[in-house]
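Single-structure report; data block below.
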There are 2 protein chains.
Amino acid sequence: MELTERKRQILKVVVEDYIRSAEPVGSKAIAARMGGSVSSATIRNELADLVDLGYLEQPHTSAGRIPSPKGYRLYVNELMEQQKLSIAETEKINQSLHIKMEELDRVISQAGRAISSFVNYPAYVAAAGKKRMTARRFDLLPVDERSCIVVMMMSNSRVKSQLLKLQLKVDLEQLPTLVGVLNSHFTGISTEEMNQRLMDVAEQVPPQLFLLLSQTVGYAVDALEEASHREIITAGANQLLKLPEFRDADKAHELMSFLADSKENLPMPEEDRLKILIGPENVSDALKDTSVVVASYDIGDDMRGLIGVVGPTRMDYATVAARLSGFAEGLTRLFGKQELPPKEDTKE
Amino acid sequence: MELTERKRQILKVVVEDYIRSAEPVGSKAIAARMGGSVSSATIRNELADLVDLGYLEQPHTSAGRIPSPKGYRLYVNELMEQQKLSIAETEKINQSLHIKMEELDRVISQAGRAISSFVNYPAYVAAAGKKRMTARRFDLLPVDERSCIVVMMMSNSRVKSQLLKLQLKVDLEQLPTLVGVLNSHFTGISTEEMNQRLMDVAEQVPPQLFLLLSQTVGYAVDALEEASHREIITAGANQLLKLPEFRDADKAHELMSFLADSKENLPMPEEDRLKILIGPENVSDALKDTSVVVASYDIGDDMRGLIGVVGPTRMDYATVAARLSGFAEGLTRLFGKQELPPKEDTKE
DNA sequence: GTTTAGCACTCGCTTTCCCGGAGTGCTAAA
DNA sequence: TTTAGCACTCCGGGAAAGCGAGTGCTAAAC
């Protein structure tokens, strides 16, 4: 059997109607929506075919039809009209991205909330380094004889610092030596190598300096690992409760717990700019009945982020895809503009 | 009419039974639970009195009784037995607080998740400075002629830093002068005063230095304001859906949206170590049918934090109060131990 | 005077039954 | 190939009925 143009038209109408109403779509409604050029009986014949072909499903005899995952897939791939963002929408996106970039985390979580309330579905956001983070430069600032400040610039040009309490008094004159050691031996290498090298230099450095050195390197390792650790933030899970498919508390609870606890299993495609995963296409069991739309954005040159939206398979793919892309572009722009680094590889 | 000892006993049984079962408690069940020393008929008489006194309510004639807010209040104030944490529980708390204190935010949000899963209700966490944060010390580290690193130690001994891209080339020799100005004129004062003072010194400083100065001060102001801004984090809202009183999606949605969006209105008592707010005692409308238990903890000497738990009025107050206190103590200890500051007021 | 047994009554909850209506599949005619 | 007609299916909602837990009251017992 063939998938004629008319069948495609009908499928499109069914998908869009169902997305709107969340209720099975009947032949009469379809006929009306197609301009009355054909009768409902004709539509019925076509519908039966579409069910046979696997694009539609019938909750029970004598109910209308709803799209199957395969139907959604065809819709998304071929039938869906690329939606343009209205000026008002673009405006709104830009407005919600007027964030002073202080902490990366904070920007990201704010972006998560913004996108969620913008598409009316739960959203998740993540940022990850393209490669492992390393230290580019160290400094130590004396405070008093019992404490000093470590300052570390990381390979992504972000700067981290902390007050360090010293176990032993340290001669202030020796700090420059230490800084020299740090910068010559501990920059541009992975955290494992840093720990390793700490062992190696143990003998070359006077013991009381070594203590401070290992404290500093310890801090650096922690900070680097924290920075390269991909953190996933979710927002707007409560949006689910507005949807008819999640009025059942158990269903809602299941998905919300998943979003809160097992974020690691959210889809994180590596390559695509925009990816749509429909129902069973998701790997995680908890997402089997839901769809996910993910877009990626750039954080400067070294990092990459993902924003995703989770919703029922009956998701408004066209709108969500458009808005998500818009957001991703906005974020890329935001980070591109504010990013400071004179990107220059530090030789170790 | 008097509140005899037996009435109090009965009230206690009703509250505790209702907390467990979420269902109106009948006279027979009470009699059984009181050891069979009195018959259900006697209990019925007493129950009628307790309703008259306002401690109990009757959803409808011929249903059992449930506690009124006034009943809960009496229970919490006088009837409830202080619960001790078991060793296992204490252990579990300490374990969940084995956090390396990196970012304050992160500790706090992790603590929120931990407490929430520990009491099985949604939780919120906040940290706030006791007084406004000020800068205690500045440093500038040259990177190249177009950028340098600002390092600022705040009054709570936390250190913030960032790479600054300079609009103009600056002579490296002039940085020490600038640091001097910063440390002598911009420490120990509020952010408003900092902005004011920036105007004042405008003429005393060569123009191209002034640009860098104002950039630095701008950064400092932002960072200080961000640090003193009380951020409230909520966690575990999904726990609500397990409770029978929130099986209704609309109810759950209302409260969850409140928790997600209007966190500012969550109770933040100033004085008490532990506070319990029952139903209508809450000011926010959204919390009228829920109870809140809040405890406070110390973050070093300068800051104070709050952890709270939100649940139905039928909350297990005894357990929640004990666990929350345990947590608050744990946090106080955590911050006390890791806190570094040699607390010393900086003269401006 | 307080407590208790006995009993009729109340009222919410669940189950069952019934009905309307939307929608289908099939057949036969256009 | 399309369409009108028609019998049939099945969901969803509302009414009615039965159940059962629990009450309030009365009258007797302690």
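Ordering of the structure tokens sets the chain letters (A, B, ...), residue numbers begin anew at 1 in every chain, and ligands are numbered from 1 in the order given.
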
If you take only C-alpha atoms (C1' of nucleotides) and a cut-off of 8 Å, which residues of chain B touch chain D, and what are their nearest atom pairs and distances in Å to one decimal, in chain and number order, as CSV?
residue,atom,partner,partner_atom,distance
B:Gly26,CA,D:DG22,C1',6.5
B:Ser27,CA,D:DG22,C1',7.8
B:Thr61,CA,D:DT23,C1',6.8
B:Ser62,CA,D:DT23,C1',4.6
B:Ala63,CA,D:DG22,C1',5.5
B:Gly64,CA,D:DG22,C1',6.3

message = Taking the DSSP secondary structure from the backbone, can you list the residues of range 68-148 of chain B that are helix (DSSP H, G or I), as a ChimeraX atom specification?
response = /B:69-79,87-96,104-119

Which residues of chain A sit at most 7 Å from chain B, using only C-alpha atoms? Give each one's shortest atom pair and distance in Å (one decimal place), in chain and ascending residue order, as a Markdown table.
| residue | atom | partner | partner_atom | distance |
| --- | --- | --- | --- | --- |
| A:Arg158 | CA | B:Gln162 | CA | 6.8 |
| A:Val159 | CA | B:Gln162 | CA | 5.2 |
| A:Lys160 | CA | B:Ser161 | CA | 6.2 |
| A:Ser161 | CA | B:Val159 | CA | 6.0 |
| A:Gln162 | CA | B:Val159 | CA | 5.2 |
| A:Leu163 | CA | B:Val159 | CA | 6.3 |
| A:Lys165 | CA | B:Leu340 | CA | 6.3 |
| A:Asn238 | CA | B:Met256 | CA | 6.0 |
| A:Leu241 | CA | B:His253 | CA | 5.9 |
| A:Arg247 | CA | B:Ala249 | CA | 5.5 |
| A:Ala249 | CA | B:Arg247 | CA | 5.4 |
| A:His253 | CA | B:Leu241 | CA | 5.8 |
| A:Met256 | CA | B:Asn238 | CA | 6.0 |
| A:Ser257 | CA | B:Asn238 | CA | 6.2 |
| A:Leu340 | CA | B:Lys165 | CA | 6.4 |

Show me, as an mmCIF file with C-alpha atoms (C1' of nucleotides), in the first residue's frame, the residues of chain C whose atoms get within 7 Å of chain B, using only C-alpha atoms (C1' of nucleotides) for the distance check.
data_model
loop_
_atom_site.group_PDB
_atom_site.id
_atom_site.type_symbol
_atom_site.label_atom_id
_atom_site.label_comp_id
_atom_site.auth_asym_id
_atom_site.auth_seq_id
_atom_site.Cartn_x
_atom_site.Cartn_y
_atom_site.Cartn_z
ATOM 1 C "C1'" DT C 3 -19.470 4.677 82.104
ATOM 2 C "C1'" DT C 4 -21.320 1.354 79.057
ATOM 3 C "C1'" DT C 10 -26.413 9.307 58.687
ATOM 4 C "C1'" DC C 11 -23.569 9.776 54.967
#

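Reported to one decimal place, the separation of CA of Ala286 in chain A from CA of Glu81 in chain A is 29.2 Å.
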
request  = Apply DSSP to the backbone of this structure and, from range 133-255 of chain B, keep only the residues in strand (DSSP E or B); write these as a PyMOL selection string.
outcome  = chain B and resi 135-144+147-154+159-165+231-235

Export C-alpha atoms of the chosen residues as an mmCIF file, in the first residue's frame?
data_model
loop_
_atom_site.group_PDB
_atom_site.id
_atom_site.type_symbol
_atom_site.label_atom_id
_atom_site.label_comp_id
_atom_site.auth_asym_id
_atom_site.auth_seq_id
_atom_site.Cartn_x
_atom_site.Cartn_y
_atom_site.Cartn_z
ATOM 1 C CA ALA B 135 35.090 43.811 50.544
ATOM 2 C CA ARG B 136 38.002 43.251 52.843
ATOM 3 C CA ARG B 137 40.853 43.200 50.425
ATOM 4 C CA PHE B 138 41.652 43.558 46.734
ATOM 5 C CA ASP B 139 44.391 42.323 44.446
ATOM 6 C CA LEU B 140 45.069 42.672 40.772
ATOM 7 C CA LEU B 141 47.183 40.154 38.945
ATOM 8 C CA PRO B 142 48.466 41.131 35.539
ATOM 9 C CA VAL B 143 47.923 38.610 32.768
ATOM 10 C CA ASP B 144 48.890 40.531 29.696
ATOM 11 C CA SER B 147 43.700 41.629 30.762
ATOM 12 C CA CYS B 148 44.221 41.039 34.428
ATOM 13 C CA ILE B 149 42.683 39.058 37.258
ATOM 14 C CA VAL B 150 40.754 40.755 40.041
ATOM 15 C CA VAL B 151 40.819 39.003 43.356
ATOM 16 C CA MET B 152 38.564 40.154 46.123
ATOM 17 C CA MET B 153 38.257 38.829 49.623
ATOM 18 C CA MET B 154 34.890 39.540 51.143
ATOM 19 C CA VAL B 159 37.381 34.926 47.930
ATOM 20 C CA LYS B 160 36.052 35.794 44.516
ATOM 21 C CA SER B 161 37.991 36.374 41.364
ATOM 22 C CA GLN B 162 37.565 36.893 37.690
ATOM 23 C CA LEU B 163 39.471 37.638 34.561
ATOM 24 C CA LEU B 164 38.962 41.200 33.453
ATOM 25 C CA LYS B 165 39.413 42.271 29.888
ATOM 26 C CA GLU B 231 19.142 32.583 47.473
ATOM 27 C CA ILE B 232 16.524 30.046 48.259
ATOM 28 C CA ILE B 233 16.757 26.592 46.872
ATOM 29 C CA THR B 234 13.964 24.083 46.912
ATOM 30 C CA ALA B 235 14.243 20.358 46.471
#

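Proximity ranking of B:Asp52, B:Leu324, B:Asn45, B:Asp289 relative to DT2 in chain C places B:Asn45 first, based on only C-alpha atoms (C1' of nucleotides).
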
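From CA of Ile108 in chain B back to CA of Lys130 in chain A, the distance works out to 27.9 Å.
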
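With only C-alpha atoms as the atoms that count, the residue of B:Gly218, B:Glu145, B:Leu97, B:Ile276 with the shortest distance to Val320 in chain B is B:Ile276.
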